[in-house]
Every structure is written in structure tokens, then in C-alpha cells.
Amino acid sequence: MSSILVVAEQKSGVLGRISLEALAAGQALARSLSGDCVAAVLGDSSAAANELTSKALARVYTIEHPLLKQYTPDGYNAALEQLIRKISPAYVVFPHTYQVRDFAPALAARFGQSLISDVVAIQAGPAFIRQLFQGKLNADYRRTGSESGPGFVSVQAGSFRVDDLQPGTSSAESFPVELSAQTIRTTPGEPFRESAQTVDLAAAPVIVSVGRGIREQENMPLVESLAQALGAELAASRPICDAGWLPIERQVGSSGHTVAPKLYLAVGISGAIQHLVGMKGSKTVIAINKDENAPIFEVADYGVVGDLFEIVPELTRAITAAKS
Amino acid sequence: MKIIVAIKQVPERDAQLSILPDGRWIEEDALNYVINEPDAYALEEALQLKEQHGGEVIALCAGPERVTSTLREALAKGADRAIHIASDTIGKLDTLALAHVLAEPIRAESPDLVLTGLQSDDLGLGQTGVVLAELLGVPHSTLVLHVEKTGAGIRVKRELEDGWFQHIDLPLPAVLTIQSGGNKLRYATLMGIKKAKTKETRSEAAAIPGTPATVELTRIFLPEKQKQTQMLKGSPAEIAAQLVEKLRSEVRVL
């Protein structure tokens with residue numbers, strides 16, 4: 001019987017939401033292939049394993065070893081390679097996290113496979129849907145059938161629903177792995193933050209967010225005035241923070257903050273998936289962009305196709321007038 | 001330090017994309033191509049390492065003849081020489097096969113460090129560097145913002161999620177995938193562009209592996225809308241008036 005192995009990610013024993021979404025994807029894939037779904041969790045895994053045993057899974061593997069206490073790509077790949085060789089799943093499903101991006105492509109290569117990364121939906125076939133060209137197009141990826149090993153898939157945050165996760169009872173089983181210190185070639189340090197946060201974007205009810213469309217740092221006052229008129233926090237997509245026009249603490253997206261304000265007003269943001277995952281939970285999204293095909297319009301309630309340099313000053317004036 | 005920067009050439013960001021009749025790729029002929037932005041940051045990091053510690057920077061790019069323009073740009077910015085892995089079908093390969101194609105000339109050069117962008121702006125698979133490290137049998141780190149030379153190897157600053165970072169120590173040789181934003185990108189100077197003409201670009205045929213692909217792209221299509229978007233039209237003033245009305249009566253933030 002074909003089985004699906006979901007590799008869940010824990011931090012300090014806690015499973016992230018995206019790991020639960022990956023489990024939901026794994027369960028759905030198992031149903032479509034008439035197989036069963038198992039999960040594995042590495043490191044200090046007992047608390048996370050407890051949570052996993054309350055889901056409809058055939059088994060939960062815990063992989064604990066002194067060399068897995070801190071994540072390293074070499075340690076995780078060596079351990080997961082042993083588990084996958086032992087249970088020969090049809091597919092291995094990961095949450096598409098920074099950590100998974102760091103090791104899973106190499107793990108797939110060890111099995112002669114290519115990871116289908118950042119999947120946003122799974123359809124009959126199975127066809128794995130992922131985005132191309134910063135979200136402008138979608139693509140179906142399939143396995144060719146010429147392969148003998150397992151398929152490797154990672155799923156994007158927010159693409160599968162935790163509500164669809166089937167509850168159940170399963171048992172946890174410790175999977176012993178053999179690791180030697182020589183296997184691990186990199187030495188990780190403790191995580192740190194750069195500076196104290198001065199703004200809490202996650203708590204802001206109204207956000208004006210700016211992207212590449214603003215073109216020059218000299219144009220930033222345009223959106224600053226709009227944010228001020230609206231009483232909004234100013235945020236940005238990654239390129240604006242990379243350029244140093246706004247501090248990184250104001251970045252929205254997979255490498256920045258996840259926000260869900262009452263209003264998200266996106267100015268000159270095309271809407272690459274890395275940005276959309278950080279804001280698509282917003283109650284209302286208004287997007288102003290010159291490109292009618294910009295993916296931001298896929299998640300917008302109100303859209304304006306046009307020149308932000310003409311529209312934003314008019315909007316700021318109109319809002320100021322409406323408020324006075 | 002001898003550093004190879006693996007670069008990809010991609011359609012420019014604002015390109016209007018149209019799907020080919022067979023539904024498996026896009027119309028390429030009318031597109032303008034540029035360096036993949038994260039790879040530009042990888043090149044920048046390599047050039048800064050060379051400026052601090054000496055050595056050599058080699059730009060490497062696989063693809064059809066058009067990619068040599070991106071290699072010339074890398075040379076103009078300061079790379080010492082370039083390797084063009086010539087292939088018209090490189091885009092059809094899966095990640096593993098592509099990494100095999102790149103690994104071969106890299107092995108022959110025995111670099112201390114291989115840098116590449118964390119992902120490409122077109123396919124966005126974000127895996128080439130990691131698979132390359134696996135094939136080369138060297139350690140790697142990803143989402144790297146800064147590289148520092150230490151006595152025994154290098155220390156990198158790696159981006160984690162939610163505004164966290166981490167330092168990782170690695171021995172050399174190693175492969176790093178570079179996150180954007182760690183440095184400011186330089187422009188090619190006139191002098192650089194002149195000098196680039198005297199620098200070597202070696203072209204060699206891609207050694208495409210004989211093993212069949214394990215995954216393939218079978219269809220591309222326009223994404224479905226997740227929401228019903230109401231498009232507002234008119235002059236800027238009319239649009240502003242409509243938006244204010246929505247902000248007042250629907251969104252209720254005014």
C-alpha cells in the first residue's frame with residue numbers, strides 16, 4: 001500500500017500552522033491514492049508528537065538524537081534518509097518553510113528525485129500546482145512515471161486548510177537513527193534579532209503598503225502622506241526594505257510579518273506569492289497597480305489599474321477632505 | 001578565494017507573458033532578458049569578498065546564446081572571467097538534471113565557494129544551490145545575507161522567519177544561496193564595460209544527463225481569482241472619490 005509521509009516542523013516542541021496545513025495536504029493526497037498517511041517529527045519532538053497523535057494518521061514517528069537537538073541540514077537529511085529508506089513512502093510532503101528549503105532539495109536528490117516545491121494545490125493525477133513568474137502564471141507539475149523512488153513535495157503556507165485536517169487517534173513510535181558527529185559539517189549559532197521592534201504591524205487595523213512601483217526613494221513621501229491621512233501604518237514588500245527605504249520591521253510577507261488588518265491598501269505591489277502569504281488574510285484589500293495582470297488583483301476586493309503617481313495624491317486629498 | 005557565481009537569465013519583471021498554444025511554456029521571442037535578481041546579489045557578495053580577500057570571481061550561466069549578454073554584464077561589474085554552458089533545452093530540465101549540468105564545470109574549477117541566488121524570478125523552485133552542494137559533496141547554507149571569512153572557513157548570516165537571523169560556520173569549499181538585500185547592488189562602470197571586452201568567456205556544451213526527468217511541467221495557465229475584484233475606473237479624481245466612498249461605507253475606516 002502506498003503511504004504518504006508528512007515531515008512536520010516543530011519549534012520548541014510546538015508545531016507551526018503550516019505543518020498542520022501540510023498534514024491536511026498529506027491526508028488528502030493519501031485519500032486520493034487510497035493509501036495511508038504517516039507523520040514524522042525530528043528533534044525534541046515529544047510535545048509535537050502528542051499533538052500529532054490526535055490526527056487521523058496511521059503512525060507518528062519521532063526521531064530524537066543528541067545531534068538533532070539543533071537543526072542542521074546534514075543531520076536532518078541523514079535522519080530522514082534512514083526513515084524514508086525504511087518505510088518507502090509514495091510521497092514525502094513538507095511544509096514550505098525556510099528550514100525545509102534548506103534541506104529538502106538535497107534529500108530529494110539523494111533519492112534521484114527533484115522536489116516539487118511551493119505547491120499551492122493538488123489536483124487529480126496527482127497534479128501539483130505551483131506558481132511561476134512571481135505569481136503571474138500557474139503550472140501543473142507531475143511526476144513522469146519513469147521514477148522508482150518517492151515523490152517529494154513542499155506546500156506553501158495558507159494553501160491548505162487546517163479545518164480540513166481529519167482528527168483521529170494514532171500512536172507515536174520512536175524511530176532510531178544512526179548519526180555521527182562527522183556527518184554534520186556546519187555549526188549553527190543561536191537565533192538572534194537585529195533590533196527591538198518599534199512597530200506592531202500585526203496589530204495595525206489599517207495598513208498602507210508600498211512596493212517596487214514607487215520606483216525611487218524620493219517618491220516615498222507620496223505613500224507616507226496617504227498613510228498619515230488614513231491613520232494607517234506604513235508597510236512594504238521586500239524590495240523596498242532591501243533598498244533601505246523602510247526598515248525591515250515594516251516588511252510584509254514570508255520573510256517579514258504576517259498581517260490581517262481591516263484594510264490593506266497595496267500601492268505599486270505586484271503581489272508575488274512571498275508577499276501574498278503575508279497579507280491575504282486581510283479583511284479588505286485595495287490594490288493600485290499599473291499592470292492589470294498583477295497577481296495582487298487576485299486577492300483584491302477593489303482594484304485600480306492606473307498610475308499610482310496620479311491616483312495616490314488625489315486619494316490623499318480626497319481622504320483628508322472627507323475627514324475634515 | 002576562488003568563487004564561482006552561478007547565474008540565471010530570466011525575463012524582466014514587467015514582461016507581458018503569453019502562453020504558447022501547446023500550453024506548456026511561454027512565448028519567448030519578444031521578451032527582454034535580465035539577470036535573476038537574487039543572483040545579482042550573489043554576484044555582489046562575491047565581488048565584495050574578492051575586494052576584501054583577493055582571489056577570482058567566475059560567472060557561470062547555462063542557457064542559449066542570449067545568456068552571454070548577462071555574462072558580459074557580470075564581467076563589466078567586476079567578474080574576472082565567465083563560463084557559458086551552452087544549451088537550447090536547459091529550461092526543460094528538472095532541478096536534479098540542471099544541477100548535474102552545472103556541477104560538472106564547477107568540479108573542474110575546484111572553487112572555494114559557489115554562490116547563487118536563493119531562487120529564480122521565473123520558476124521560483126529555490127533549489128538549485130542546495131542540490132548543487134549535494135552533488136558536489138560540500139556543505140551549504142541558504143538565505144544568506146552576509147559572508148565573513150574566518151580562520152578555518154566562513155561564517156554566514158542566515159535569514160530565518162519572522163525577523164530572526166542566525167550565524168552558521170562552514171568549512172570550505174561550500175555552496176551558499178544568497179538572499180536579496182544583504183548588499184547594495186553596484187552598476188557597471190564605463191571602465192568596467194570596456195574592460196569586460198578583454199575578459200575571457202569560455203563556452204562549453206552542456207553535458208545533459210542521460211537519465212530521464214522525474215518531474216515535468218505539463219501545463220501553464222492563468223491563476224484563478226481568489227476574490228471577486230471590483231475594478232474602479234475613471235479619472236484619478238473620480239477613482240479617488242469612489243475609493244473614499246468605499247472606505248466610508250464598506251470598509252468603514254473613515
# chains A, B, ... in the order shown; residues from 1 in each chain; ligands from 1

$ closest_atom_pairs --of "chain B" --to "chain A" --cutoff "7 Å" --atoms "only C-alpha atoms" --output "Markdown table"
| residue | atom | partner | partner_atom | distance |
| --- | --- | --- | --- | --- |
| B:Asp94 | CA | A:Ser114 | CA | 6.6 |
| B:Thr95 | CA | A:Ser114 | CA | 5.7 |
| B:Leu96 | CA | A:Ser114 | CA | 5.6 |
| B:Asp121 | CA | A:Phe133 | CA | 5.8 |
| B:Asp122 | CA | A:Phe133 | CA | 4.2 |
| B:Leu123 | CA | A:Leu132 | CA | 5.0 |
| B:Gly124 | CA | A:Leu132 | CA | 6.5 |
| B:Leu125 | CA | A:Ser117 | CA | 5.8 |
| B:Gln127 | CA | A:Pro105 | CA | 5.6 |
| B:Val130 | CA | A:Ala106 | CA | 5.8 |
| B:Val131 | CA | A:Ala106 | CA | 4.8 |
| B:Glu134 | CA | A:Ala106 | CA | 5.6 |
| B:Pro139 | CA | A:Arg185 | CA | 6.2 |
| B:Ser141 | CA | A:Asp102 | CA | 6.9 |
| B:Thr142 | CA | A:Asp102 | CA | 5.8 |
| B:Leu160 | CA | A:Tyr98 | CA | 6.6 |
| B:Glu161 | CA | A:Ser255 | CA | 5.6 |
| B:Asp162 | CA | A:Gly256 | CA | 5.5 |
| B:Gly163 | CA | A:Gly256 | CA | 6.1 |
| B:Trp164 | CA | A:Arg193 | CA | 4.9 |
| B:Phe165 | CA | A:Phe192 | CA | 5.3 |
| B:Gln166 | CA | A:Pro191 | CA | 4.5 |
| B:His167 | CA | A:Gly189 | CA | 5.0 |
| B:Ile168 | CA | A:Pro188 | CA | 4.4 |
| B:Asp169 | CA | A:Thr187 | CA | 5.0 |
| B:Leu170 | CA | A:Thr186 | CA | 4.9 |
| B:Ser180 | CA | A:Asp242 | CA | 6.8 |
| B:Gly181 | CA | A:Asp242 | CA | 4.0 |
| B:Pro212 | CA | A:Ser146 | CA | 6.8 |
| B:Ala213 | CA | A:Thr144 | CA | 6.9 |
| B:Thr214 | CA | A:Thr144 | CA | 5.3 |
| B:Val215 | CA | A:Arg143 | CA | 4.2 |
| B:Glu216 | CA | A:Tyr141 | CA | 5.5 |
| B:Leu217 | CA | A:Tyr141 | CA | 4.5 |
| B:Thr218 | CA | A:Asp140 | CA | 5.6 |
| B:Arg219 | CA | A:Asp140 | CA | 5.2 |
| B:Ile220 | CA | A:Ala139 | CA | 4.2 |
| B:Phe221 | CA | A:Asn138 | CA | 5.3 |
| B:Leu222 | CA | A:Leu137 | CA | 5.0 |
| B:Pro223 | CA | A:Asn138 | CA | 5.5 |
| B:Lys225 | CA | A:Glu298 | CA | 4.5 |
| B:Gln226 | CA | A:Glu298 | CA | 5.5 |
| B:Lys227 | CA | A:Val299 | CA | 5.5 |
| B:Gln228 | CA | A:Asp301 | CA | 6.3 |
| B:Thr229 | CA | A:Asp301 | CA | 4.6 |
| B:Gln230 | CA | A:Tyr302 | CA | 4.8 |
| B:Met231 | CA | A:Gly303 | CA | 4.6 |
| B:Leu232 | CA | A:Val304 | CA | 5.4 |
| B:Lys233 | CA | A:Val304 | CA | 6.9 |
| B:Pro236 | CA | A:Ile311 | CA | 4.9 |
| B:Ala237 | CA | A:Glu314 | CA | 5.7 |
| B:Ala240 | CA | A:Leu315 | CA | 4.5 |
| B:Ala241 | CA | A:Ala318 | CA | 6.5 |
| B:Val244 | CA | A:Ile319 | CA | 6.2 |
| B:Val251 | CA | A:Thr284 | CA | 6.9 |
| B:Leu254 | CA | A:Lys323 | CA | 6.9 |

$ residues_around --residues "Pro95 of chain A" --least-positions-apart "5" --cutoff "9 Å" --atoms "only C-alpha atoms" --output "mmCIF file with C-alpha atoms, in the first residue's frame"
data_model
loop_
_atom_site.group_PDB
_atom_site.id
_atom_site.type_symbol
_atom_site.label_atom_id
_atom_site.label_comp_id
_atom_site.auth_asym_id
_atom_site.auth_seq_id
_atom_site.Cartn_x
_atom_site.Cartn_y
_atom_site.Cartn_z
ATOM 1 C CA VAL A 6 4.427 14.218 6.182
ATOM 2 C CA VAL A 7 7.509 15.735 7.826
ATOM 3 C CA ALA A 8 6.167 18.181 10.410
ATOM 4 C CA GLU A 9 8.297 21.015 11.765
ATOM 5 C CA ILE A 18 1.953 25.448 8.158
ATOM 6 C CA SER A 19 2.860 21.961 9.430
ATOM 7 C CA LEU A 20 -0.828 21.310 10.159
ATOM 8 C CA GLU A 21 -1.646 22.543 6.648
ATOM 9 C CA ALA A 22 0.955 20.127 5.246
ATOM 10 C CA LEU A 23 -0.719 17.333 7.237
ATOM 11 C CA VAL A 100 12.635 22.860 4.568
ATOM 12 C CA ASP A 118 5.982 25.591 -3.003
ATOM 13 C CA VAL A 153 6.550 17.875 -2.410
ATOM 14 C CA SER A 154 6.504 21.027 -0.248
ATOM 15 C CA VAL A 155 3.321 23.039 0.288
ATOM 16 C CA GLN A 156 3.008 26.815 0.546
ATOM 17 C CA ALA A 157 1.640 28.492 3.688
#

$ closest_residue --among "B:Ile208, B:Leu172, B:Ala86, B:Val253" --to "Gly151 of chain B" --atoms "only C-alpha atoms"
B:Leu172

$ select_by_dssp --residues "segment 51-259 of chain A" --states "alpha helix (DSSP H)" --output "PyMOL selection string"
chain A and resi 51-52+73-87+98-110+220-230+238-242

$ write_last_selection --atoms "N, CA and C atoms" --output "compact mmCIF listing (two decimals), in the first residue's frame"
# COMPACT_ATOMS: atom_id res chain seq x y z
N GLU A 51 0.63 16.15 19.98
CA GLU A 51 -0.38 16.84 19.20
C GLU A 51 -0.70 16.06 17.93
N LEU A 52 0.30 15.49 17.31
CA LEU A 52 0.09 14.74 16.07
C LEU A 52 -0.74 13.48 16.27
N PRO A 73 21.16 20.99 8.21
CA PRO A 73 20.71 20.26 7.03
C PRO A 73 21.31 18.86 6.96
N ASP A 74 22.58 18.71 7.35
CA ASP A 74 23.22 17.39 7.29
C ASP A 74 22.55 16.40 8.26
N GLY A 75 22.26 16.86 9.48
CA GLY A 75 21.64 15.99 10.47
C GLY A 75 20.25 15.56 10.04
N TYR A 76 19.44 16.53 9.61
CA TYR A 76 18.07 16.23 9.21
C TYR A 76 18.05 15.32 7.98
N ASN A 77 18.93 15.58 7.02
CA ASN A 77 18.92 14.75 5.81
C ASN A 77 19.36 13.32 6.11
N ALA A 78 20.38 13.17 6.97
CA ALA A 78 20.83 11.81 7.30
C ALA A 78 19.72 11.05 8.00
N ALA A 79 19.03 11.72 8.95
CA ALA A 79 17.97 11.05 9.71
C ALA A 79 16.78 10.71 8.82
N LEU A 80 16.35 11.67 8.01
CA LEU A 80 15.17 11.43 7.17
C LEU A 80 15.46 10.42 6.07
N GLU A 81 16.70 10.41 5.59
CA GLU A 81 17.06 9.42 4.57
C GLU A 81 16.85 8.00 5.15
N GLN A 82 17.24 7.82 6.41
CA GLN A 82 17.08 6.48 7.03
C GLN A 82 15.61 6.11 7.17
N LEU A 83 14.79 7.07 7.59
CA LEU A 83 13.36 6.78 7.75
C LEU A 83 12.72 6.47 6.39
N ILE A 84 13.04 7.27 5.38
CA ILE A 84 12.40 7.09 4.07
C ILE A 84 12.82 5.75 3.45
N ARG A 85 14.10 5.37 3.61
CA ARG A 85 14.53 4.07 3.08
C ARG A 85 13.80 2.93 3.80
N LYS A 86 13.51 3.14 5.08
CA LYS A 86 12.85 2.09 5.86
C LYS A 86 11.38 1.93 5.47
N ILE A 87 10.65 3.05 5.33
CA ILE A 87 9.20 2.92 5.13
C ILE A 87 8.78 3.11 3.67
N TYR A 98 11.42 28.03 5.63
CA TYR A 98 12.83 28.32 5.36
C TYR A 98 13.70 27.11 5.68
N GLN A 99 13.33 26.40 6.76
CA GLN A 99 14.13 25.23 7.14
C GLN A 99 14.03 24.14 6.08
N VAL A 100 12.83 23.89 5.60
CA VAL A 100 12.64 22.86 4.57
C VAL A 100 13.39 23.23 3.29
N ARG A 101 13.34 24.52 2.94
CA ARG A 101 14.07 24.96 1.75
C ARG A 101 15.56 24.69 1.88
N ASP A 102 16.03 24.63 3.13
CA ASP A 102 17.46 24.46 3.39
C ASP A 102 17.92 23.01 3.22
N PHE A 103 17.02 22.04 3.44
CA PHE A 103 17.49 20.64 3.36
C PHE A 103 16.76 19.77 2.35
N ALA A 104 15.45 19.99 2.15
CA ALA A 104 14.66 19.04 1.37
C ALA A 104 15.12 18.85 -0.09
N PRO A 105 15.60 19.91 -0.78
CA PRO A 105 16.06 19.67 -2.15
C PRO A 105 17.19 18.65 -2.22
N ALA A 106 18.11 18.71 -1.23
CA ALA A 106 19.23 17.76 -1.21
C ALA A 106 18.74 16.35 -0.85
N LEU A 107 17.77 16.28 0.04
CA LEU A 107 17.21 14.96 0.42
C LEU A 107 16.58 14.29 -0.80
N ALA A 108 15.82 15.06 -1.57
CA ALA A 108 15.21 14.52 -2.79
C ALA A 108 16.29 14.02 -3.74
N ALA A 109 17.37 14.81 -3.86
CA ALA A 109 18.46 14.44 -4.78
C ALA A 109 19.08 13.10 -4.37
N ARG A 110 19.12 12.83 -3.07
CA ARG A 110 19.69 11.55 -2.60
C ARG A 110 18.89 10.36 -3.11
N MET A 220 8.79 58.27 -1.83
CA MET A 220 8.18 57.67 -0.64
C MET A 220 7.21 58.61 0.09
N PRO A 221 7.47 59.95 0.13
CA PRO A 221 6.52 60.84 0.82
C PRO A 221 5.08 60.72 0.29
N LEU A 222 4.93 60.32 -0.99
CA LEU A 222 3.59 60.11 -1.54
C LEU A 222 2.78 59.14 -0.70
N VAL A 223 3.39 57.98 -0.39
CA VAL A 223 2.66 56.97 0.38
C VAL A 223 2.66 57.28 1.87
N GLU A 224 3.70 57.98 2.33
CA GLU A 224 3.71 58.41 3.73
C GLU A 224 2.53 59.34 4.00
N SER A 225 2.27 60.26 3.07
CA SER A 225 1.14 61.19 3.24
C SER A 225 -0.18 60.43 3.23
N LEU A 226 -0.29 59.44 2.34
CA LEU A 226 -1.52 58.66 2.26
C LEU A 226 -1.75 57.92 3.58
N ALA A 227 -0.67 57.28 4.11
CA ALA A 227 -0.79 56.55 5.37
C ALA A 227 -1.20 57.49 6.49
N GLN A 228 -0.60 58.67 6.50
CA GLN A 228 -0.91 59.65 7.54
C GLN A 228 -2.37 60.08 7.45
N ALA A 229 -2.84 60.37 6.25
CA ALA A 229 -4.23 60.80 6.06
C ALA A 229 -5.20 59.72 6.54
N LEU A 230 -4.84 58.46 6.31
CA LEU A 230 -5.72 57.35 6.68
C LEU A 230 -5.56 56.93 8.14
N ARG A 238 9.19 43.28 0.06
CA ARG A 238 10.62 43.09 0.33
C ARG A 238 11.56 44.07 -0.40
N PRO A 239 11.36 44.32 -1.70
CA PRO A 239 12.34 45.15 -2.41
C PRO A 239 12.53 46.53 -1.78
N ILE A 240 11.46 47.08 -1.20
CA ILE A 240 11.55 48.41 -0.58
C ILE A 240 12.45 48.36 0.66
N CYS A 241 12.33 47.29 1.44
CA CYS A 241 13.16 47.14 2.64
C CYS A 241 14.59 46.77 2.26
N ASP A 242 14.74 45.94 1.19
CA ASP A 242 16.08 45.61 0.70
C ASP A 242 16.83 46.88 0.30

$ closest_residue --among "B:Ala174, B:Lys50, B:Ala79, B:Leu115" --to "Lys199 of chain B" --atoms "only C-alpha atoms"
B:Ala79

$ closest_residue --among "A:Ala236, A:Val41, A:Glu173, A:Phe160" --to "Ala58 of chain A" --atoms "only C-alpha atoms"
A:Glu173

$ residues_around --residues "Val57 of chain B" --least-positions-apart "4" --cutoff "6 Å" --atoms "only C-alpha atoms" --output "short mmCIF file (atom, residue, chain, number, x, y, z; two decimals) with N, CA and C atoms, in the first residue's frame"
data_model
loop_
_atom_site.label_atom_id
_atom_site.label_comp_id
_atom_site.auth_asym_id
_atom_site.auth_seq_id
_atom_site.Cartn_x
_atom_site.Cartn_y
_atom_site.Cartn_z
N ILE B 3 35.91 32.04 -6.35
CA ILE B 3 34.45 31.99 -6.18
C ILE B 3 33.76 31.85 -7.53
N ILE B 4 32.87 30.87 -7.63
CA ILE B 4 32.03 30.77 -8.83
C ILE B 4 30.63 31.29 -8.47
N ALA B 79 33.46 40.65 -12.46
CA ALA B 79 33.87 39.24 -12.51
C ALA B 79 35.10 39.13 -13.40
N ASP B 80 35.98 38.17 -13.11
CA ASP B 80 37.25 38.06 -13.83
C ASP B 80 37.11 37.29 -15.14
#

$ residues_around --residues "Ile214 of chain A" --least-positions-apart "3" --cutoff "8 Å" --atoms "only C-alpha atoms" --output "list of chain:residue names"
A:Val210, A:Gly211, A:Gln217, A:Asn219, A:Met220, A:Val267, A:Gly268, A:Leu308

$ write_last_selection --atoms "N, CA and C atoms" --output "short mmCIF file (atom, residue, chain, number, x, y, z; two decimals), in the first residue's frame"
data_model
loop_
_atom_site.label_atom_id
_atom_site.label_comp_id
_atom_site.auth_asym_id
_atom_site.auth_seq_id
_atom_site.Cartn_x
_atom_site.Cartn_y
_atom_site.Cartn_z
N VAL A 210 3.61 49.56 0.35
CA VAL A 210 4.18 50.08 -0.89
C VAL A 210 5.17 49.08 -1.48
N GLY A 211 5.22 49.01 -2.80
CA GLY A 211 6.12 48.10 -3.49
C GLY A 211 6.95 48.79 -4.55
N GLN A 217 13.31 56.34 -3.98
CA GLN A 217 13.16 56.72 -2.58
C GLN A 217 12.52 58.11 -2.44
N ASN A 219 10.19 59.27 -3.93
CA ASN A 219 8.73 59.23 -4.07
C ASN A 219 8.02 58.70 -2.82
N MET A 220 8.79 58.27 -1.83
CA MET A 220 8.18 57.67 -0.64
C MET A 220 7.21 58.61 0.09
N VAL A 267 -0.03 49.61 -2.73
CA VAL A 267 0.31 50.62 -3.74
C VAL A 267 1.55 50.18 -4.49
N GLY A 268 1.40 49.89 -5.77
CA GLY A 268 2.57 49.53 -6.58
C GLY A 268 3.19 48.20 -6.18
N LEU A 308 0.02 55.14 -10.13
CA LEU A 308 -0.07 55.50 -8.71
C LEU A 308 0.34 56.94 -8.47
#

$ atom_distance --atom1 "atom CA of Val138 of chain B" --atom2 "atom CA of Glu109 of chain B"
14.3 Å

$ residues_around --residues "Ser110 of chain B" --least-positions-apart "3" --cutoff "12 Å" --atoms "only C-alpha atoms" --output "compact mmCIF listing (two decimals) with C-alpha atoms, in the first residue's frame"
# COMPACT_ATOMS: atom_id res chain seq x y z
CA MET B 1 39.34 32.86 -2.62
CA LYS B 2 38.18 31.39 -5.88
CA ILE B 3 34.45 31.99 -6.18
CA ILE B 4 32.03 30.77 -8.83
CA ILE B 58 33.96 33.43 -12.19
CA ALA B 103 28.14 20.64 -11.25
CA GLU B 104 30.39 19.33 -13.99
CA PRO B 105 32.22 22.57 -14.95
CA ILE B 106 32.22 23.67 -11.29
CA ARG B 107 34.02 20.47 -10.26
CA LEU B 113 32.98 28.92 -2.76
CA VAL B 114 29.96 28.67 -5.04
CA LEU B 136 29.47 18.39 -5.20
CA VAL B 138 30.19 20.01 0.06
CA LEU B 172 35.37 25.47 2.65
CA PRO B 173 34.61 24.55 -0.05
CA ALA B 174 30.91 25.31 0.33
CA VAL B 175 27.82 26.40 -1.60

$ closest_residue --among "A:Lys11, A:Pro66, A:Ile122, A:Ala172" --to "Val38 of chain A" --atoms "only C-alpha atoms"
A:Ala172

$ residues_around --residues "Ser170 of chain A" --least-positions-apart "3" --cutoff "8 Å" --atoms "only C-alpha atoms" --output "list in words"
Leu52, Thr53, Ser54, Lys55, Ala56, Leu57, Ala58, Arg59 and Val60 of chain A

$ atom_distance --atom1 "atom CA of Leu67 of chain A" --atom2 "atom CA of Val147 of chain B"
25.1 Å

$ closest_residue --among "A:Gln182, A:Ser174, A:Ser2, A:Thr62" --to "Gly35 of chain A" --atoms "only C-alpha atoms"
A:Ser2

$ atom_distance --atom1 "atom CA of Val34 of chain B" --atom2 "atom CA of Arg186 of chain B"
15.0 Å
